[in-house]
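Shown below: structure-v5.txt, with compact mmCIF, N, CA and C atoms.
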# COMPACT_ATOMS: atom_id res chain seq x y z
N MET A 30 -101.06 -92.72 -15.92
CA MET A 30 -100.27 -91.58 -15.54
C MET A 30 -98.81 -91.85 -15.94
N ASP A 31 -98.14 -90.84 -16.45
CA ASP A 31 -96.76 -91.04 -16.88
C ASP A 31 -95.79 -90.89 -15.70
N LEU A 32 -94.56 -91.29 -15.92
CA LEU A 32 -93.55 -91.29 -14.87
C LEU A 32 -93.32 -89.91 -14.28
N ILE A 33 -93.16 -88.91 -15.11
CA ILE A 33 -92.86 -87.56 -14.63
C ILE A 33 -94.00 -87.04 -13.75
N THR A 34 -95.23 -87.24 -14.18
CA THR A 34 -96.38 -86.79 -13.40
C THR A 34 -96.46 -87.52 -12.07
N GLU A 35 -96.28 -88.83 -12.12
CA GLU A 35 -96.37 -89.63 -10.90
C GLU A 35 -95.26 -89.27 -9.92
N LEU A 36 -94.05 -89.05 -10.41
CA LEU A 36 -92.96 -88.64 -9.53
C LEU A 36 -93.25 -87.28 -8.90
N GLY A 37 -93.83 -86.39 -9.69
CA GLY A 37 -94.21 -85.08 -9.16
C GLY A 37 -95.18 -85.20 -8.00
N GLU A 38 -96.10 -86.14 -8.11
CA GLU A 38 -97.06 -86.37 -7.02
C GLU A 38 -96.39 -86.96 -5.78
N LEU A 39 -95.22 -87.56 -5.96
CA LEU A 39 -94.47 -88.11 -4.83
C LEU A 39 -93.51 -87.08 -4.23
N GLY A 40 -93.56 -85.85 -4.73
CA GLY A 40 -92.74 -84.78 -4.17
C GLY A 40 -91.44 -84.52 -4.91
N VAL A 41 -91.22 -85.22 -6.02
CA VAL A 41 -90.01 -85.02 -6.81
C VAL A 41 -90.16 -83.72 -7.59
N ASN A 42 -89.12 -82.91 -7.58
CA ASN A 42 -89.16 -81.64 -8.30
C ASN A 42 -88.75 -81.89 -9.76
N THR A 43 -89.69 -82.40 -10.52
CA THR A 43 -89.39 -82.79 -11.91
C THR A 43 -89.09 -81.58 -12.79
N ASP A 44 -89.69 -80.43 -12.49
CA ASP A 44 -89.39 -79.22 -13.28
C ASP A 44 -87.92 -78.85 -13.13
N GLU A 45 -87.43 -78.87 -11.89
CA GLU A 45 -86.02 -78.57 -11.63
C GLU A 45 -85.12 -79.59 -12.34
N ALA A 46 -85.49 -80.86 -12.24
CA ALA A 46 -84.69 -81.91 -12.86
C ALA A 46 -84.64 -81.74 -14.37
N LEU A 47 -85.77 -81.50 -14.96
CA LEU A 47 -85.79 -81.34 -16.42
C LEU A 47 -84.97 -80.13 -16.86
N THR A 48 -84.98 -79.08 -16.08
CA THR A 48 -84.14 -77.93 -16.38
C THR A 48 -82.67 -78.34 -16.31
N ARG A 49 -82.30 -79.10 -15.28
CA ARG A 49 -80.93 -79.57 -15.12
C ARG A 49 -80.53 -80.47 -16.31
N PHE A 50 -81.49 -81.22 -16.81
CA PHE A 50 -81.23 -82.12 -17.93
C PHE A 50 -81.56 -81.46 -19.28
N MET A 51 -81.56 -80.14 -19.30
CA MET A 51 -81.79 -79.34 -20.50
C MET A 51 -83.08 -79.75 -21.23
N ASN A 52 -84.11 -80.05 -20.44
CA ASN A 52 -85.42 -80.46 -20.93
C ASN A 52 -85.38 -81.71 -21.80
N ASN A 53 -84.36 -82.52 -21.59
CA ASN A 53 -84.23 -83.78 -22.31
C ASN A 53 -84.88 -84.87 -21.46
N THR A 54 -86.18 -85.05 -21.65
CA THR A 54 -86.95 -85.99 -20.83
C THR A 54 -86.42 -87.41 -20.95
N SER A 55 -86.05 -87.82 -22.16
CA SER A 55 -85.58 -89.20 -22.32
C SER A 55 -84.28 -89.43 -21.55
N LEU A 56 -83.39 -88.45 -21.52
CA LEU A 56 -82.15 -88.57 -20.75
C LEU A 56 -82.47 -88.65 -19.25
N TYR A 57 -83.37 -87.79 -18.79
CA TYR A 57 -83.76 -87.80 -17.38
C TYR A 57 -84.37 -89.16 -17.00
N VAL A 58 -85.25 -89.66 -17.82
CA VAL A 58 -85.88 -90.95 -17.55
C VAL A 58 -84.83 -92.06 -17.54
N ARG A 59 -83.88 -91.99 -18.45
CA ARG A 59 -82.81 -92.99 -18.49
C ARG A 59 -81.98 -92.94 -17.21
N MET A 60 -81.67 -91.74 -16.74
CA MET A 60 -80.90 -91.60 -15.50
C MET A 60 -81.71 -92.05 -14.28
N LEU A 61 -83.01 -91.76 -14.29
CA LEU A 61 -83.88 -92.25 -13.22
C LEU A 61 -83.85 -93.77 -13.16
N GLY A 62 -83.79 -94.40 -14.33
CA GLY A 62 -83.76 -95.86 -14.40
C GLY A 62 -82.56 -96.47 -13.72
N LYS A 63 -81.50 -95.69 -13.52
CA LYS A 63 -80.30 -96.17 -12.85
C LYS A 63 -80.40 -96.03 -11.33
N PHE A 64 -81.37 -95.25 -10.86
CA PHE A 64 -81.46 -95.00 -9.42
C PHE A 64 -81.75 -96.25 -8.58
N PRO A 65 -82.68 -97.12 -8.97
CA PRO A 65 -82.92 -98.29 -8.11
C PRO A 65 -81.66 -99.11 -7.83
N ALA A 66 -80.86 -99.32 -8.83
CA ALA A 66 -79.61 -100.08 -8.62
C ALA A 66 -78.64 -99.28 -7.76
N ALA A 67 -78.57 -97.99 -7.96
CA ALA A 67 -77.66 -97.15 -7.16
C ALA A 67 -78.06 -97.19 -5.69
N ALA A 68 -79.35 -97.13 -5.43
CA ALA A 68 -79.83 -97.16 -4.04
C ALA A 68 -79.48 -98.50 -3.40
N LYS A 69 -79.67 -99.57 -4.15
CA LYS A 69 -79.36 -100.91 -3.62
C LYS A 69 -77.86 -101.07 -3.42
N ASP A 70 -77.08 -100.62 -4.38
CA ASP A 70 -75.63 -100.77 -4.31
C ASP A 70 -75.00 -99.95 -3.17
N ALA A 71 -75.66 -98.88 -2.76
CA ALA A 71 -75.11 -98.03 -1.70
C ALA A 71 -75.04 -98.77 -0.36
N LYS A 72 -75.96 -99.69 -0.14
CA LYS A 72 -75.96 -100.55 1.06
C LYS A 72 -76.01 -99.77 2.37
N VAL A 73 -76.85 -98.75 2.41
CA VAL A 73 -77.01 -97.97 3.64
C VAL A 73 -77.59 -98.85 4.74
N THR A 74 -78.58 -99.66 4.40
CA THR A 74 -79.21 -100.54 5.40
C THR A 74 -78.16 -101.43 6.05
N GLU A 75 -77.35 -102.06 5.23
CA GLU A 75 -76.33 -102.96 5.76
C GLU A 75 -75.35 -102.22 6.66
N ALA A 76 -74.96 -101.03 6.26
CA ALA A 76 -74.02 -100.25 7.06
C ALA A 76 -74.60 -99.95 8.45
N PHE A 77 -75.87 -99.55 8.49
CA PHE A 77 -76.50 -99.29 9.79
C PHE A 77 -76.63 -100.58 10.59
N GLN A 78 -77.00 -101.68 9.94
CA GLN A 78 -77.13 -102.95 10.65
C GLN A 78 -75.80 -103.38 11.26
N GLU A 79 -74.72 -103.11 10.56
CA GLU A 79 -73.39 -103.47 11.04
C GLU A 79 -72.82 -102.45 12.01
N LYS A 80 -73.57 -101.36 12.23
CA LYS A 80 -73.11 -100.24 13.07
C LYS A 80 -71.80 -99.65 12.53
N ASP A 81 -71.62 -99.74 11.22
CA ASP A 81 -70.45 -99.17 10.55
C ASP A 81 -70.86 -97.78 10.05
N TYR A 82 -70.69 -96.80 10.93
CA TYR A 82 -71.20 -95.47 10.64
C TYR A 82 -70.35 -94.72 9.61
N GLU A 83 -69.10 -95.07 9.47
CA GLU A 83 -68.30 -94.47 8.40
C GLU A 83 -68.82 -94.95 7.04
N LYS A 84 -69.11 -96.23 6.96
CA LYS A 84 -69.68 -96.79 5.73
C LYS A 84 -71.07 -96.19 5.48
N ALA A 85 -71.85 -96.03 6.52
CA ALA A 85 -73.18 -95.43 6.38
C ALA A 85 -73.07 -93.99 5.89
N LEU A 86 -72.10 -93.25 6.43
CA LEU A 86 -71.88 -91.87 6.00
C LEU A 86 -71.50 -91.82 4.53
N ALA A 87 -70.58 -92.66 4.12
CA ALA A 87 -70.15 -92.67 2.71
C ALA A 87 -71.32 -93.03 1.79
N ALA A 88 -72.09 -94.04 2.17
CA ALA A 88 -73.22 -94.47 1.36
C ALA A 88 -74.31 -93.40 1.30
N ALA A 89 -74.63 -92.82 2.45
CA ALA A 89 -75.66 -91.78 2.49
C ALA A 89 -75.21 -90.55 1.70
N HIS A 90 -73.93 -90.23 1.78
CA HIS A 90 -73.41 -89.08 1.04
C HIS A 90 -73.52 -89.32 -0.47
N THR A 91 -73.23 -90.53 -0.89
CA THR A 91 -73.37 -90.89 -2.31
C THR A 91 -74.82 -90.71 -2.75
N LEU A 92 -75.75 -91.23 -1.95
CA LEU A 92 -77.17 -91.13 -2.32
C LEU A 92 -77.67 -89.69 -2.23
N LYS A 93 -77.10 -88.91 -1.35
CA LYS A 93 -77.45 -87.48 -1.29
C LYS A 93 -77.13 -86.84 -2.64
N GLY A 94 -75.95 -87.13 -3.18
CA GLY A 94 -75.56 -86.57 -4.47
C GLY A 94 -76.44 -87.05 -5.61
N VAL A 95 -76.70 -88.35 -5.64
CA VAL A 95 -77.52 -88.93 -6.70
C VAL A 95 -78.93 -88.36 -6.65
N THR A 96 -79.52 -88.35 -5.46
CA THR A 96 -80.90 -87.86 -5.34
C THR A 96 -80.99 -86.37 -5.61
N GLY A 97 -79.93 -85.63 -5.27
CA GLY A 97 -79.91 -84.20 -5.58
C GLY A 97 -79.86 -83.97 -7.08
N ASN A 98 -79.01 -84.71 -7.77
CA ASN A 98 -78.89 -84.55 -9.23
C ASN A 98 -80.18 -84.91 -9.95
N LEU A 99 -80.92 -85.88 -9.40
CA LEU A 99 -82.17 -86.30 -10.03
C LEU A 99 -83.38 -85.54 -9.49
N SER A 100 -83.13 -84.61 -8.57
CA SER A 100 -84.20 -83.82 -7.92
C SER A 100 -85.25 -84.71 -7.25
N LEU A 101 -84.79 -85.80 -6.66
CA LEU A 101 -85.68 -86.66 -5.88
C LEU A 101 -85.78 -86.02 -4.50
N THR A 102 -86.47 -84.90 -4.45
CA THR A 102 -86.46 -83.96 -3.34
C THR A 102 -86.68 -84.59 -1.97
N PRO A 103 -87.70 -85.42 -1.77
CA PRO A 103 -87.88 -85.98 -0.42
C PRO A 103 -86.67 -86.81 0.03
N LEU A 104 -86.08 -87.53 -0.90
CA LEU A 104 -84.92 -88.36 -0.56
C LEU A 104 -83.68 -87.49 -0.38
N PHE A 105 -83.52 -86.48 -1.22
CA PHE A 105 -82.38 -85.58 -1.08
C PHE A 105 -82.39 -84.90 0.29
N LYS A 106 -83.55 -84.41 0.69
CA LYS A 106 -83.65 -83.76 2.01
C LYS A 106 -83.32 -84.75 3.12
N ALA A 107 -83.83 -85.95 3.02
CA ALA A 107 -83.58 -86.96 4.07
C ALA A 107 -82.11 -87.33 4.12
N TYR A 108 -81.50 -87.59 2.97
CA TYR A 108 -80.09 -87.98 2.98
C TYR A 108 -79.19 -86.82 3.40
N THR A 109 -79.58 -85.61 3.10
CA THR A 109 -78.83 -84.44 3.58
C THR A 109 -78.83 -84.43 5.11
N ASP A 110 -79.99 -84.67 5.70
CA ASP A 110 -80.10 -84.69 7.16
C ASP A 110 -79.38 -85.90 7.76
N ILE A 111 -79.46 -87.04 7.11
CA ILE A 111 -78.77 -88.24 7.59
C ILE A 111 -77.26 -88.01 7.61
N VAL A 112 -76.74 -87.45 6.54
CA VAL A 112 -75.30 -87.14 6.47
C VAL A 112 -74.92 -86.18 7.58
N ALA A 113 -75.71 -85.14 7.78
CA ALA A 113 -75.40 -84.16 8.83
C ALA A 113 -75.40 -84.82 10.21
N LEU A 114 -76.39 -85.65 10.48
CA LEU A 114 -76.46 -86.33 11.78
C LEU A 114 -75.26 -87.25 11.99
N LEU A 115 -74.87 -87.97 10.97
CA LEU A 115 -73.71 -88.85 11.09
C LEU A 115 -72.44 -88.04 11.33
N ARG A 116 -72.31 -86.93 10.65
CA ARG A 116 -71.12 -86.08 10.84
C ARG A 116 -71.11 -85.46 12.23
N GLU A 117 -72.29 -85.24 12.80
CA GLU A 117 -72.40 -84.66 14.14
C GLU A 117 -72.28 -85.71 15.24
N GLY A 118 -72.05 -86.96 14.86
CA GLY A 118 -71.90 -88.02 15.84
C GLY A 118 -73.21 -88.46 16.47
N GLN A 119 -74.29 -88.41 15.69
CA GLN A 119 -75.60 -88.82 16.17
C GLN A 119 -76.14 -89.98 15.32
N PRO A 120 -75.45 -91.12 15.35
CA PRO A 120 -75.84 -92.22 14.48
C PRO A 120 -77.22 -92.80 14.77
N GLU A 121 -77.66 -92.77 16.02
CA GLU A 121 -78.98 -93.31 16.34
C GLU A 121 -80.08 -92.47 15.69
N LYS A 122 -79.92 -91.16 15.73
CA LYS A 122 -80.90 -90.27 15.08
C LYS A 122 -80.84 -90.45 13.56
N ALA A 123 -79.64 -90.60 13.03
CA ALA A 123 -79.48 -90.81 11.58
C ALA A 123 -80.16 -92.11 11.16
N GLU A 124 -79.98 -93.15 11.95
CA GLU A 124 -80.59 -94.44 11.63
C GLU A 124 -82.10 -94.37 11.72
N ALA A 125 -82.61 -93.65 12.71
CA ALA A 125 -84.07 -93.49 12.84
C ALA A 125 -84.62 -92.75 11.64
N LEU A 126 -83.95 -91.70 11.21
CA LEU A 126 -84.40 -90.95 10.04
C LEU A 126 -84.31 -91.83 8.79
N PHE A 127 -83.27 -92.61 8.68
CA PHE A 127 -83.14 -93.52 7.54
C PHE A 127 -84.32 -94.49 7.51
N SER A 128 -84.69 -95.02 8.66
CA SER A 128 -85.83 -95.94 8.75
C SER A 128 -87.11 -95.29 8.26
N GLU A 129 -87.28 -94.01 8.57
CA GLU A 129 -88.46 -93.26 8.10
C GLU A 129 -88.39 -93.00 6.60
N THR A 130 -87.18 -92.97 6.06
CA THR A 130 -86.96 -92.66 4.64
C THR A 130 -87.21 -93.86 3.74
N ILE A 131 -87.01 -95.05 4.27
CA ILE A 131 -87.12 -96.27 3.46
C ILE A 131 -88.46 -96.37 2.72
N PRO A 132 -89.61 -96.16 3.37
CA PRO A 132 -90.87 -96.28 2.62
C PRO A 132 -91.00 -95.26 1.49
N ILE A 133 -90.47 -94.08 1.70
CA ILE A 133 -90.51 -93.04 0.67
C ILE A 133 -89.65 -93.47 -0.52
N GLU A 134 -88.45 -93.96 -0.20
CA GLU A 134 -87.55 -94.43 -1.25
C GLU A 134 -88.17 -95.59 -2.00
N GLU A 135 -88.82 -96.50 -1.28
CA GLU A 135 -89.46 -97.64 -1.93
C GLU A 135 -90.57 -97.20 -2.89
N LYS A 136 -91.34 -96.18 -2.51
CA LYS A 136 -92.40 -95.67 -3.39
C LYS A 136 -91.81 -95.08 -4.66
N ILE A 137 -90.74 -94.32 -4.51
CA ILE A 137 -90.11 -93.69 -5.67
C ILE A 137 -89.49 -94.76 -6.58
N ILE A 138 -88.81 -95.72 -5.99
CA ILE A 138 -88.21 -96.80 -6.78
C ILE A 138 -89.31 -97.60 -7.49
N SER A 139 -90.37 -97.91 -6.79
CA SER A 139 -91.48 -98.65 -7.38
C SER A 139 -92.05 -97.90 -8.58
N CYS A 140 -92.20 -96.61 -8.43
CA CYS A 140 -92.72 -95.77 -9.52
C CYS A 140 -91.78 -95.82 -10.72
N ILE A 141 -90.50 -95.68 -10.47
CA ILE A 141 -89.51 -95.71 -11.56
C ILE A 141 -89.53 -97.07 -12.25
N GLU A 142 -89.54 -98.14 -11.46
CA GLU A 142 -89.52 -99.48 -12.04
C GLU A 142 -90.79 -99.79 -12.81
N LYS A 143 -91.90 -99.28 -12.34
CA LYS A 143 -93.18 -99.51 -13.01
C LYS A 143 -93.17 -98.92 -14.43
N HIS A 144 -92.47 -97.82 -14.59
CA HIS A 144 -92.45 -97.13 -15.89
C HIS A 144 -91.24 -97.50 -16.74
N SER A 145 -90.41 -98.40 -16.25
CA SER A 145 -89.19 -98.77 -17.02
C SER A 145 -89.50 -99.81 -18.07
Rewrite the coordinates I just gave you, this time as structure tokens.
Amino acid sequence: MDLITELGELGVNTDEALTRFMNNTSLYVRMLGKFPAAAKDAKVTEAFQEKDYEKALAAAHTLKGVTGNLSLTPLFKAYTDIVALLREGQPEKAEALFSETIPIEEKIISCIEKHS
């Protein structure tokens, strides 16, 4: 199974993404290849562990933008909600949602890395 098909099965809106990338599949795949490092570099986990909610908000907001641009729909929805919860002063709920998001993010990253 190819990357685009497999991502689609994981809930990624690949049709929307390809439209955004002017149907340039190789460009989209290249940008997807940058996502695993971006997710790691954001350090959301560390921010929550340190109870640094401003840092968590900044990191989650960054990943919201990245996942939105790549149409990584399940992650975009989760990070949108995490950002909203942090802005509303509900860090415990945001952290719980982030914990639920980690396995989904890991599946998507694994899929991307498998095809890189």
Could you pull the residues within 10 Å of A:Leu114, counting only C-alpha atoms, minus those fewer than 4 positions along the same chain, as a ChimeraX atom specification? /A:86,108-110,118-124,126
Identify, with DSSP run on backbone atoms, the residues in chain A assigned to alpha helix (DSSP H), and express the list as a ChimeraX atom specification. /A:32-38,43-49,54-61,64-71,73-78,82-98,102-116,120-143
Which one of A:Ala68, A:Met30, A:Leu101, A:Lys84 sits closest to A:Thr43 if you count only C-alpha atoms?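 Comparing A:Ala68, A:Met30, A:Leu101, A:Lys84 against A:Thr43, the winner is A:Leu101.
Across A:Ala46, A:Leu39, A:Ile131, A:Ala85, the tightest approach to A:Val112 is made by A:Ala85 when counting all atoms listed in the file.
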Quick one, how far is atom C of A:Thr96 from atom C of A:Glu45?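 Separation between atom C of A:Thr96 and atom C of A:Glu45: 10.4 Å.
The coordinates place atom CA of A:Ala125 at 16.9 Å from atom C of A:Ala87.
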One decimal, in Å: what's the spacing between atom C of A:Asn98 and atom N of A:Arg49? 8.2 Å
Write out as a PyMOL selection string which residues come within 8 Å of A:Lys72 when counting all atoms listed in the file, dropping same-chain ones fewer than 3 positions away. chain A and resi 67-69+75-78+84-85+88-89
Hey, can you spit out that residue selection with N, CA and C atoms as a short mmCIF file (atom, residue, chain, number, x, y, z; two decimals), keeping the file's coordinate frame?
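Final output, saved to selection.cif:
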data_model
loop_
_atom_site.label_atom_id
_atom_site.label_comp_id
_atom_site.auth_asym_id
_atom_site.auth_seq_id
_atom_site.Cartn_x
_atom_site.Cartn_y
_atom_site.Cartn_z
N ALA A 67 -78.57 -97.99 -7.96
CA ALA A 67 -77.66 -97.15 -7.16
C ALA A 67 -78.06 -97.19 -5.69
N ALA A 68 -79.35 -97.13 -5.43
CA ALA A 68 -79.83 -97.16 -4.04
C ALA A 68 -79.48 -98.50 -3.40
N LYS A 69 -79.67 -99.57 -4.15
CA LYS A 69 -79.36 -100.91 -3.62
C LYS A 69 -77.86 -101.07 -3.42
N GLU A 75 -77.35 -102.06 5.23
CA GLU A 75 -76.33 -102.96 5.76
C GLU A 75 -75.35 -102.22 6.66
N ALA A 76 -74.96 -101.03 6.26
CA ALA A 76 -74.02 -100.25 7.06
C ALA A 76 -74.60 -99.95 8.45
N PHE A 77 -75.87 -99.55 8.49
CA PHE A 77 -76.50 -99.29 9.79
C PHE A 77 -76.63 -100.58 10.59
N GLN A 78 -77.00 -101.68 9.94
CA GLN A 78 -77.13 -102.95 10.65
C GLN A 78 -75.80 -103.38 11.26
N LYS A 84 -69.11 -96.23 6.96
CA LYS A 84 -69.68 -96.79 5.73
C LYS A 84 -71.07 -96.19 5.48
N ALA A 85 -71.85 -96.03 6.52
CA ALA A 85 -73.18 -95.43 6.38
C ALA A 85 -73.07 -93.99 5.89
N ALA A 88 -72.09 -94.04 2.17
CA ALA A 88 -73.22 -94.47 1.36
C ALA A 88 -74.31 -93.40 1.30
N ALA A 89 -74.63 -92.82 2.45
CA ALA A 89 -75.66 -91.78 2.49
C ALA A 89 -75.21 -90.55 1.70
#
Counting all atoms listed in the file, which residue out of A:Leu32, A:Ile138, A:Glu79, A:Leu99 sits closest to A:Met60?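 Closest to A:Met60, using all atoms listed in the file: A:Leu99.
Once only C-alpha atoms are considered, the residues situated within 7 Å of the file point (-90.8, -90.0, -1.4) turn out to be Leu39, Gly40, Pro103, Leu104, Ile133, Glu134, Lys136 and Ile137 of chain A.
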